[in-house]
>>> print(open('data01.txt').read())   # compact mmCIF, N, CA and C atoms
# COMPACT_ATOMS: atom_id res chain seq x y z
N MET X 197 -24.73 -124.92 46.54
CA MET X 197 -25.11 -125.62 47.75
C MET X 197 -25.69 -127.00 47.42
N ASN X 198 -26.51 -127.09 46.37
CA ASN X 198 -27.10 -128.38 45.99
C ASN X 198 -26.03 -129.40 45.66
N CYS X 199 -24.93 -128.96 45.05
CA CYS X 199 -23.83 -129.86 44.72
C CYS X 199 -23.21 -130.43 45.99
N LEU X 200 -23.01 -129.59 46.99
CA LEU X 200 -22.45 -130.05 48.26
C LEU X 200 -23.38 -131.04 48.94
N LEU X 201 -24.67 -130.74 48.95
CA LEU X 201 -25.64 -131.64 49.57
C LEU X 201 -25.68 -132.98 48.85
N HIS X 202 -25.55 -132.95 47.53
CA HIS X 202 -25.51 -134.19 46.76
C HIS X 202 -24.29 -135.02 47.16
N GLN X 203 -23.12 -134.39 47.29
CA GLN X 203 -21.91 -135.09 47.71
C GLN X 203 -22.11 -135.74 49.07
N VAL X 204 -22.71 -135.02 49.99
CA VAL X 204 -22.92 -135.52 51.34
C VAL X 204 -23.89 -136.70 51.33
N CYS X 205 -25.01 -136.54 50.66
CA CYS X 205 -26.06 -137.57 50.69
C CYS X 205 -25.75 -138.78 49.84
N GLU X 206 -25.19 -138.58 48.68
CA GLU X 206 -24.98 -139.69 47.76
C GLU X 206 -23.64 -140.39 47.94
N ASN X 207 -22.64 -139.68 48.41
CA ASN X 207 -21.29 -140.25 48.51
C ASN X 207 -20.82 -140.42 49.94
N ASP X 208 -21.72 -140.20 50.90
CA ASP X 208 -21.35 -140.30 52.32
C ASP X 208 -20.13 -139.45 52.66
N GLU X 209 -20.05 -138.29 52.06
CA GLU X 209 -18.96 -137.38 52.36
C GLU X 209 -19.35 -136.46 53.51
N THR X 210 -18.33 -135.98 54.20
CA THR X 210 -18.52 -134.99 55.25
C THR X 210 -17.92 -133.68 54.77
N ILE X 211 -18.66 -132.61 54.87
CA ILE X 211 -18.19 -131.30 54.43
C ILE X 211 -17.89 -130.45 55.66
N PHE X 212 -16.67 -129.93 55.74
CA PHE X 212 -16.26 -129.04 56.82
C PHE X 212 -16.27 -127.62 56.30
N ILE X 213 -16.93 -126.74 57.03
CA ILE X 213 -17.02 -125.34 56.63
C ILE X 213 -16.33 -124.51 57.70
N SER X 214 -15.28 -123.81 57.31
CA SER X 214 -14.52 -122.98 58.24
C SER X 214 -14.84 -121.51 58.01
N LYS X 215 -15.04 -120.80 59.11
CA LYS X 215 -15.28 -119.37 59.03
C LYS X 215 -14.26 -118.66 59.90
N GLU X 216 -14.02 -117.44 59.58
CA GLU X 216 -13.13 -116.64 60.41
C GLU X 216 -13.74 -116.50 61.80
N GLY X 217 -12.90 -116.49 62.80
CA GLY X 217 -13.38 -116.36 64.16
C GLY X 217 -13.68 -117.70 64.83
N GLY X 218 -13.41 -118.80 64.12
CA GLY X 218 -13.55 -120.11 64.72
C GLY X 218 -14.95 -120.67 64.81
N LYS X 219 -15.91 -120.03 64.19
CA LYS X 219 -17.28 -120.56 64.19
C LYS X 219 -17.45 -121.44 62.97
N ASN X 220 -17.10 -122.73 63.14
CA ASN X 220 -17.10 -123.67 62.03
C ASN X 220 -18.35 -124.53 62.04
N ALA X 221 -18.56 -125.23 60.93
CA ALA X 221 -19.72 -126.11 60.81
C ALA X 221 -19.32 -127.37 60.06
N VAL X 222 -20.16 -128.40 60.21
CA VAL X 222 -19.96 -129.66 59.51
C VAL X 222 -21.30 -130.07 58.92
N ILE X 223 -21.28 -130.53 57.67
CA ILE X 223 -22.49 -131.05 57.03
C ILE X 223 -22.29 -132.55 56.86
N ILE X 224 -23.24 -133.33 57.43
CA ILE X 224 -23.23 -134.78 57.28
C ILE X 224 -24.62 -135.23 56.84
N SER X 225 -24.69 -136.43 56.32
CA SER X 225 -25.98 -136.95 55.88
C SER X 225 -26.86 -137.27 57.08
N GLU X 226 -28.15 -137.35 56.84
CA GLU X 226 -29.07 -137.72 57.91
C GLU X 226 -28.76 -139.11 58.42
N ARG X 227 -28.37 -140.02 57.53
CA ARG X 227 -28.01 -141.38 57.92
C ARG X 227 -26.84 -141.37 58.89
N GLU X 228 -25.83 -140.58 58.58
CA GLU X 228 -24.66 -140.48 59.46
C GLU X 228 -25.02 -139.82 60.79
N TYR X 229 -25.85 -138.81 60.74
CA TYR X 229 -26.31 -138.13 61.95
C TYR X 229 -27.04 -139.11 62.87
N ASN X 230 -27.97 -139.88 62.28
CA ASN X 230 -28.72 -140.86 63.07
C ASN X 230 -27.80 -141.92 63.65
N SER X 231 -26.81 -142.32 62.89
CA SER X 231 -25.83 -143.30 63.38
C SER X 231 -25.05 -142.76 64.57
N LEU X 232 -24.66 -141.50 64.50
CA LEU X 232 -23.95 -140.88 65.62
C LEU X 232 -24.82 -140.80 66.86
N LEU X 233 -26.09 -140.42 66.68
CA LEU X 233 -27.01 -140.37 67.82
C LEU X 233 -27.20 -141.74 68.45
N GLU X 234 -27.31 -142.76 67.62
CA GLU X 234 -27.47 -144.12 68.14
C GLU X 234 -26.22 -144.56 68.91
N THR X 235 -25.05 -144.24 68.39
CA THR X 235 -23.81 -144.59 69.07
C THR X 235 -23.72 -143.89 70.42
N ILE X 236 -24.08 -142.62 70.45
CA ILE X 236 -24.07 -141.87 71.72
C ILE X 236 -25.03 -142.52 72.71
N TYR X 237 -26.22 -142.88 72.23
CA TYR X 237 -27.21 -143.51 73.11
C TYR X 237 -26.70 -144.85 73.64
N LEU X 238 -26.17 -145.68 72.74
CA LEU X 238 -25.74 -147.02 73.13
C LEU X 238 -24.55 -147.00 74.08
N THR X 239 -23.74 -145.97 74.01
CA THR X 239 -22.56 -145.89 74.88
C THR X 239 -22.76 -144.93 76.05
N SER X 240 -24.01 -144.50 76.27
CA SER X 240 -24.26 -143.54 77.34
C SER X 240 -24.19 -144.18 78.73
N SER X 241 -24.30 -145.49 78.79
CA SER X 241 -24.16 -146.17 80.08
C SER X 241 -22.91 -147.04 80.05
N ALA X 242 -22.17 -147.01 81.13
CA ALA X 242 -20.93 -147.79 81.21
C ALA X 242 -21.21 -149.28 81.07
N LYS X 243 -22.30 -149.75 81.64
CA LYS X 243 -22.64 -151.18 81.59
C LYS X 243 -22.94 -151.60 80.16
N ASN X 244 -23.70 -150.78 79.44
CA ASN X 244 -24.03 -151.12 78.06
C ASN X 244 -22.78 -151.08 77.18
N THR X 245 -21.91 -150.11 77.40
CA THR X 245 -20.65 -150.03 76.66
C THR X 245 -19.83 -151.30 76.89
N GLU X 246 -19.79 -151.74 78.13
CA GLU X 246 -19.05 -152.97 78.45
C GLU X 246 -19.63 -154.17 77.71
N ARG X 247 -20.96 -154.27 77.69
CA ARG X 247 -21.61 -155.37 76.97
C ARG X 247 -21.31 -155.32 75.48
N LEU X 248 -21.36 -154.13 74.91
CA LEU X 248 -21.07 -153.98 73.49
C LEU X 248 -19.63 -154.39 73.17
N LEU X 249 -18.69 -153.94 74.00
CA LEU X 249 -17.29 -154.29 73.78
C LEU X 249 -17.06 -155.78 73.94
N ASP X 250 -17.72 -156.40 74.91
CA ASP X 250 -17.64 -157.85 75.07
C ASP X 250 -18.14 -158.57 73.83
N SER X 251 -19.24 -158.09 73.28
CA SER X 251 -19.79 -158.70 72.06
C SER X 251 -18.85 -158.55 70.88
N VAL X 252 -18.26 -157.38 70.74
CA VAL X 252 -17.30 -157.16 69.66
C VAL X 252 -16.11 -158.10 69.81
N ASN X 253 -15.60 -158.19 71.02
CA ASN X 253 -14.46 -159.09 71.27
C ASN X 253 -14.82 -160.53 70.98
N GLU X 254 -16.03 -160.93 71.34
CA GLU X 254 -16.49 -162.29 71.07
C GLU X 254 -16.55 -162.56 69.57
N LEU X 255 -17.10 -161.60 68.84
CA LEU X 255 -17.18 -161.77 67.39
C LEU X 255 -15.79 -161.83 66.76
N GLU X 256 -14.89 -160.99 67.24
CA GLU X 256 -13.53 -160.96 66.68
C GLU X 256 -12.77 -162.24 66.99
N SER X 257 -13.02 -162.83 68.15
CA SER X 257 -12.32 -164.07 68.51
C SER X 257 -13.02 -165.29 67.92
N ASN X 258 -14.24 -165.06 67.37
CA ASN X 258 -14.98 -166.12 66.71
C ASN X 258 -15.30 -167.29 67.63
N SER X 259 -15.42 -167.02 68.92
CA SER X 259 -15.77 -168.07 69.86
C SER X 259 -16.95 -167.61 70.72
N PRO X 260 -18.13 -168.14 70.42
CA PRO X 260 -19.31 -167.73 71.19
C PRO X 260 -19.16 -168.06 72.67
N ARG X 261 -19.59 -167.14 73.50
CA ARG X 261 -19.53 -167.39 74.93
C ARG X 261 -20.85 -168.01 75.37
N SER X 262 -20.80 -168.78 76.42
CA SER X 262 -22.02 -169.39 76.92
C SER X 262 -22.75 -168.39 77.80
N GLU X 263 -24.05 -168.37 77.68
CA GLU X 263 -24.87 -167.47 78.48
C GLU X 263 -25.15 -168.10 79.82
N THR X 264 -25.06 -167.31 80.86
CA THR X 264 -25.42 -167.79 82.20
C THR X 264 -26.60 -167.00 82.69
N THR X 265 -27.48 -167.63 83.39
CA THR X 265 -28.66 -166.93 83.90
C THR X 265 -28.60 -166.78 85.39
>>> encode(input="data01.txt", output="structure tokens")
Amino acid sequence: MNCLLHQVCENDETIFISKEGGKNAVIISEREYNSLLETIYLTSSAKNTERLLDSVNELESNSPRSETT
């Protein structure tokens, strides 16, 4: 088990554990877990998701948009 935890924590690997009967599990690092929680939080509102996507598009197009108040 320590070897698997080392792989997860040190190499950012995800470990999938399959059991008979479909009761499966996944082991991820705490860093990855926190990142997933943050993503869920940031995209929990449609308005915030729209703002985030606008920002990503702006960065990808490399043209800053002007702010309006």
>>> atom_distance(input="data01.txt", atom1="atom N of Leu248 in chain X", atom2="atom N of Glu234 in chain X")
14.8 Å
>>> atom_distance(input="data01.txt", atom1="CA of Ser231 in chain X", atom2="CA of Asn207 in chain X")
15.8 Å
>>> select_by_dssp(input="data01.txt", residues="chain X", states="strand (DSSP E or B)", output="list in words")
Ile211, Phe212, Ile213, Ala221, Val222 and Ile223 of chain X
>>> atom_distance(input="data01.txt", atom1="CA of Val204 in chain X", atom2="atom N of Ile223 in chain X")
8.2 Å
>>> select_by_dssp(input="data01.txt", residues="chain X", states="helix (DSSP H, G or I)", output="VMD selection string")
chain X and resid 198 to 207 226 to 238 242 to 257
>>> closest_residue(input="data01.txt", among="X:Asn244, X:Ser225, X:Asn258, X:Asn220", to="Gln203 in chain X", atoms="all atoms listed in the file")
X:Ser225
>>> axis_aligned_box(input="data01.txt", around="range 199-208 of chain X", padding_each_side="3 Å", output="JSON")
{"center_x": -23.1, "center_y": -134.7, "center_z": 48.7, "size_x": 11.9, "size_y": 17.5, "size_z": 13.9}
>>> closest_residue(input="data01.txt", among="X:Cys199, X:Ser214, X:Asn253, X:Cys205", to="Glu226 in chain X", atoms="only N, CA and C atoms")
X:Cys205
>>> residues_around(input="data01.txt", residues="Val222 in chain X", least_positions_apart="5", cutoff="10 Å", atoms="only C-alpha atoms", output="ChimeraX atom specification")
/X:210-214
>>> closest_residue(input="data01.txt", among="X:Ala221, X:Ser240, X:Glu228, X:Asp250", to="Asp208 in chain X", atoms="all atoms listed in the file")
X:Glu228
>>> decode(input="data01.txt", residues="range 215-250 of chain X", atoms="N, CA, C and O atoms", output="PDB file, in the first residue's frame")
ATOM      1  N   LYS X 215     -13.352  -3.737  -7.846  1.00  0.00           N
ATOM      2  CA  LYS X 215     -13.771  -4.870  -7.043  1.00  0.00           C
ATOM      3  C   LYS X 215     -14.940  -5.545  -7.737  1.00  0.00           C
ATOM      4  O   LYS X 215     -15.668  -4.918  -8.498  1.00  0.00           O
ATOM      5  N   GLU X 216     -15.112  -6.785  -7.447  1.00  0.00           N
ATOM      6  CA  GLU X 216     -16.268  -7.491  -7.985  1.00  0.00           C
ATOM      7  C   GLU X 216     -17.539  -6.855  -7.443  1.00  0.00           C
ATOM      8  O   GLU X 216     -17.573  -6.386  -6.316  1.00  0.00           O
ATOM      9  N   GLY X 217     -18.562  -6.809  -8.255  1.00  0.00           N
ATOM     10  CA  GLY X 217     -19.818  -6.223  -7.836  1.00  0.00           C
ATOM     11  C   GLY X 217     -19.918  -4.735  -8.131  1.00  0.00           C
ATOM     12  O   GLY X 217     -20.878  -4.093  -7.750  1.00  0.00           O
ATOM     13  N   GLY X 218     -18.892  -4.177  -8.787  1.00  0.00           N
ATOM     14  CA  GLY X 218     -18.958  -2.796  -9.212  1.00  0.00           C
ATOM     15  C   GLY X 218     -18.684  -1.749  -8.160  1.00  0.00           C
ATOM     16  O   GLY X 218     -18.894  -0.575  -8.385  1.00  0.00           O
ATOM     17  N   LYS X 219     -18.241  -2.138  -6.996  1.00  0.00           N
ATOM     18  CA  LYS X 219     -17.906  -1.160  -5.955  1.00  0.00           C
ATOM     19  C   LYS X 219     -16.433  -0.809  -6.090  1.00  0.00           C
ATOM     20  O   LYS X 219     -15.579  -1.406  -5.459  1.00  0.00           O
ATOM     21  N   ASN X 220     -16.165   0.197  -6.937  1.00  0.00           N
ATOM     22  CA  ASN X 220     -14.797   0.574  -7.259  1.00  0.00           C
ATOM     23  C   ASN X 220     -14.362   1.792  -6.460  1.00  0.00           C
ATOM     24  O   ASN X 220     -15.175   2.476  -5.848  1.00  0.00           O
ATOM     25  N   ALA X 221     -13.056   2.049  -6.494  1.00  0.00           N
ATOM     26  CA  ALA X 221     -12.505   3.194  -5.774  1.00  0.00           C
ATOM     27  C   ALA X 221     -11.394   3.819  -6.613  1.00  0.00           C
ATOM     28  O   ALA X 221     -10.861   3.201  -7.537  1.00  0.00           O
ATOM     29  N   VAL X 222     -11.068   5.065  -6.263  1.00  0.00           N
ATOM     30  CA  VAL X 222      -9.985   5.790  -6.919  1.00  0.00           C
ATOM     31  C   VAL X 222      -9.144   6.438  -5.829  1.00  0.00           C
ATOM     32  O   VAL X 222      -9.677   7.022  -4.882  1.00  0.00           O
ATOM     33  N   ILE X 223      -7.825   6.344  -5.967  1.00  0.00           N
ATOM     34  CA  ILE X 223      -6.919   7.016  -5.042  1.00  0.00           C
ATOM     35  C   ILE X 223      -6.239   8.141  -5.815  1.00  0.00           C
ATOM     36  O   ILE X 223      -5.637   7.911  -6.860  1.00  0.00           O
ATOM     37  N   ILE X 224      -6.385   9.377  -5.284  1.00  0.00           N
ATOM     38  CA  ILE X 224      -5.721  10.536  -5.873  1.00  0.00           C
ATOM     39  C   ILE X 224      -4.997  11.294  -4.762  1.00  0.00           C
ATOM     40  O   ILE X 224      -5.293  11.113  -3.579  1.00  0.00           O
ATOM     41  N   SER X 225      -4.069  12.140  -5.149  1.00  0.00           N
ATOM     42  CA  SER X 225      -3.336  12.911  -4.152  1.00  0.00           C
ATOM     43  C   SER X 225      -4.239  13.975  -3.538  1.00  0.00           C
ATOM     44  O   SER X 225      -5.262  14.364  -4.119  1.00  0.00           O
ATOM     45  N   GLU X 226      -3.851  14.451  -2.377  1.00  0.00           N
ATOM     46  CA  GLU X 226      -4.606  15.522  -1.734  1.00  0.00           C
ATOM     47  C   GLU X 226      -4.608  16.765  -2.610  1.00  0.00           C
ATOM     48  O   GLU X 226      -5.616  17.464  -2.716  1.00  0.00           O
ATOM     49  N   ARG X 227      -3.498  17.041  -3.285  1.00  0.00           N
ATOM     50  CA  ARG X 227      -3.410  18.198  -4.175  1.00  0.00           C
ATOM     51  C   ARG X 227      -4.435  18.095  -5.290  1.00  0.00           C
ATOM     52  O   ARG X 227      -5.151  19.042  -5.595  1.00  0.00           O
ATOM     53  N   GLU X 228      -4.542  16.922  -5.886  1.00  0.00           N
ATOM     54  CA  GLU X 228      -5.514  16.709  -6.958  1.00  0.00           C
ATOM     55  C   GLU X 228      -6.947  16.794  -6.428  1.00  0.00           C
ATOM     56  O   GLU X 228      -7.829  17.378  -7.061  1.00  0.00           O
ATOM     57  N   TYR X 229      -7.181  16.245  -5.268  1.00  0.00           N
ATOM     58  CA  TYR X 229      -8.502  16.305  -4.628  1.00  0.00           C
ATOM     59  C   TYR X 229      -8.911  17.761  -4.400  1.00  0.00           C
ATOM     60  O   TYR X 229     -10.021  18.168  -4.728  1.00  0.00           O
ATOM     61  N   ASN X 230      -7.992  18.551  -3.828  1.00  0.00           N
ATOM     62  CA  ASN X 230      -8.288  19.958  -3.579  1.00  0.00           C
ATOM     63  C   ASN X 230      -8.536  20.710  -4.879  1.00  0.00           C
ATOM     64  O   ASN X 230      -9.405  21.585  -4.937  1.00  0.00           O
ATOM     65  N   SER X 231      -7.800  20.380  -5.906  1.00  0.00           N
ATOM     66  CA  SER X 231      -8.001  21.000  -7.210  1.00  0.00           C
ATOM     67  C   SER X 231      -9.381  20.686  -7.767  1.00  0.00           C
ATOM     68  O   SER X 231     -10.067  21.566  -8.317  1.00  0.00           O
ATOM     69  N   LEU X 232      -9.813  19.454  -7.620  1.00  0.00           N
ATOM     70  CA  LEU X 232     -11.154  19.068  -8.075  1.00  0.00           C
ATOM     71  C   LEU X 232     -12.241  19.812  -7.309  1.00  0.00           C
ATOM     72  O   LEU X 232     -13.212  20.298  -7.901  1.00  0.00           O
ATOM     73  N   LEU X 233     -12.073  19.917  -5.991  1.00  0.00           N
ATOM     74  CA  LEU X 233     -13.049  20.657  -5.184  1.00  0.00           C
ATOM     75  C   LEU X 233     -13.113  22.122  -5.594  1.00  0.00           C
ATOM     76  O   LEU X 233     -14.194  22.710  -5.681  1.00  0.00           O
ATOM     77  N   GLU X 234     -11.962  22.712  -5.862  1.00  0.00           N
ATOM     78  CA  GLU X 234     -11.936  24.109  -6.286  1.00  0.00           C
ATOM     79  C   GLU X 234     -12.625  24.286  -7.638  1.00  0.00           C
ATOM     80  O   GLU X 234     -13.400  25.234  -7.835  1.00  0.00           O
ATOM     81  N   THR X 235     -12.382  23.365  -8.560  1.00  0.00           N
ATOM     82  CA  THR X 235     -13.028  23.431  -9.868  1.00  0.00           C
ATOM     83  C   THR X 235     -14.536  23.313  -9.731  1.00  0.00           C
ATOM     84  O   THR X 235     -15.289  24.061 -10.363  1.00  0.00           O
ATOM     85  N   ILE X 236     -14.985  22.398  -8.903  1.00  0.00           N
ATOM     86  CA  ILE X 236     -16.428  22.240  -8.668  1.00  0.00           C
ATOM     87  C   ILE X 236     -17.009  23.525  -8.100  1.00  0.00           C
ATOM     88  O   ILE X 236     -18.052  24.002  -8.550  1.00  0.00           O
ATOM     89  N   TYR X 237     -16.307  24.117  -7.134  1.00  0.00           N
ATOM     90  CA  TYR X 237     -16.789  25.353  -6.527  1.00  0.00           C
ATOM     91  C   TYR X 237     -16.846  26.488  -7.553  1.00  0.00           C
ATOM     92  O   TYR X 237     -17.844  27.202  -7.654  1.00  0.00           O
ATOM     93  N   LEU X 238     -15.775  26.639  -8.323  1.00  0.00           N
ATOM     94  CA  LEU X 238     -15.700  27.747  -9.278  1.00  0.00           C
ATOM     95  C   LEU X 238     -16.715  27.623 -10.409  1.00  0.00           C
ATOM     96  O   LEU X 238     -17.135  28.622 -10.978  1.00  0.00           O
ATOM     97  N   THR X 239     -17.106  26.411 -10.729  1.00  0.00           N
ATOM     98  CA  THR X 239     -18.066  26.214 -11.821  1.00  0.00           C
ATOM     99  C   THR X 239     -19.474  25.920 -11.311  1.00  0.00           C
ATOM    100  O   THR X 239     -20.349  25.550 -12.087  1.00  0.00           O
ATOM    101  N   SER X 240     -19.698  26.125 -10.009  1.00  0.00           N
ATOM    102  CA  SER X 240     -21.017  25.819  -9.448  1.00  0.00           C
ATOM    103  C   SER X 240     -22.074  26.844  -9.835  1.00  0.00           C
ATOM    104  O   SER X 240     -23.262  26.562  -9.760  1.00  0.00           O
ATOM    105  N   SER X 241     -21.645  28.022 -10.264  1.00  0.00           N
ATOM    106  CA  SER X 241     -22.608  29.018 -10.727  1.00  0.00           C
ATOM    107  C   SER X 241     -22.403  29.254 -12.221  1.00  0.00           C
ATOM    108  O   SER X 241     -21.264  29.350 -12.697  1.00  0.00           O
ATOM    109  N   ALA X 242     -23.493  29.335 -12.943  1.00  0.00           N
ATOM    110  CA  ALA X 242     -23.420  29.541 -14.395  1.00  0.00           C
ATOM    111  C   ALA X 242     -22.716  30.852 -14.722  1.00  0.00           C
ATOM    112  O   ALA X 242     -21.922  30.916 -15.677  1.00  0.00           O
ATOM    113  N   LYS X 243     -22.962  31.893 -13.947  1.00  0.00           N
ATOM    114  CA  LYS X 243     -22.358  33.201 -14.205  1.00  0.00           C
ATOM    115  C   LYS X 243     -20.847  33.139 -14.027  1.00  0.00           C
ATOM    116  O   LYS X 243     -20.089  33.671 -14.836  1.00  0.00           O
ATOM    117  N   ASN X 244     -20.394  32.481 -12.969  1.00  0.00           N
ATOM    118  CA  ASN X 244     -18.960  32.377 -12.737  1.00  0.00           C
ATOM    119  C   ASN X 244     -18.298  31.521 -13.818  1.00  0.00           C
ATOM    120  O   ASN X 244     -17.204  31.834 -14.279  1.00  0.00           O
ATOM    121  N   THR X 245     -18.951  30.451 -14.238  1.00  0.00           N
ATOM    122  CA  THR X 245     -18.424  29.617 -15.313  1.00  0.00           C
ATOM    123  C   THR X 245     -18.267  30.452 -16.584  1.00  0.00           C
ATOM    124  O   THR X 245     -17.249  30.361 -17.275  1.00  0.00           O
ATOM    125  N   GLU X 246     -19.259  31.275 -16.868  1.00  0.00           N
ATOM    126  CA  GLU X 246     -19.194  32.140 -18.055  1.00  0.00           C
ATOM    127  C   GLU X 246     -18.008  33.100 -17.961  1.00  0.00           C
ATOM    128  O   GLU X 246     -17.266  33.283 -18.926  1.00  0.00           O
ATOM    129  N   ARG X 247     -17.810  33.688 -16.791  1.00  0.00           N
ATOM    130  CA  ARG X 247     -16.676  34.602 -16.594  1.00  0.00           C
ATOM    131  C   ARG X 247     -15.347  33.881 -16.777  1.00  0.00           C
ATOM    132  O   ARG X 247     -14.416  34.414 -17.393  1.00  0.00           O
ATOM    133  N   LEU X 248     -15.247  32.690 -16.224  1.00  0.00           N
ATOM    134  CA  LEU X 248     -14.013  31.922 -16.362  1.00  0.00           C
ATOM    135  C   LEU X 248     -13.728  31.582 -17.823  1.00  0.00           C
ATOM    136  O   LEU X 248     -12.601  31.717 -18.297  1.00  0.00           O
ATOM    137  N   LEU X 249     -14.761  31.147 -18.547  1.00  0.00           N
ATOM    138  CA  LEU X 249     -14.577  30.813 -19.959  1.00  0.00           C
ATOM    139  C   LEU X 249     -14.217  32.041 -20.775  1.00  0.00           C
ATOM    140  O   LEU X 249     -13.373  31.973 -21.680  1.00  0.00           O
ATOM    141  N   ASP X 250     -14.812  33.183 -20.461  1.00  0.00           N
ATOM    142  CA  ASP X 250     -14.452  34.436 -21.134  1.00  0.00           C
ATOM    143  C   ASP X 250     -12.986  34.771 -20.900  1.00  0.00           C
ATOM    144  O   ASP X 250     -12.275  35.182 -21.819  1.00  0.00           O
TER     145      ASP X 250
END
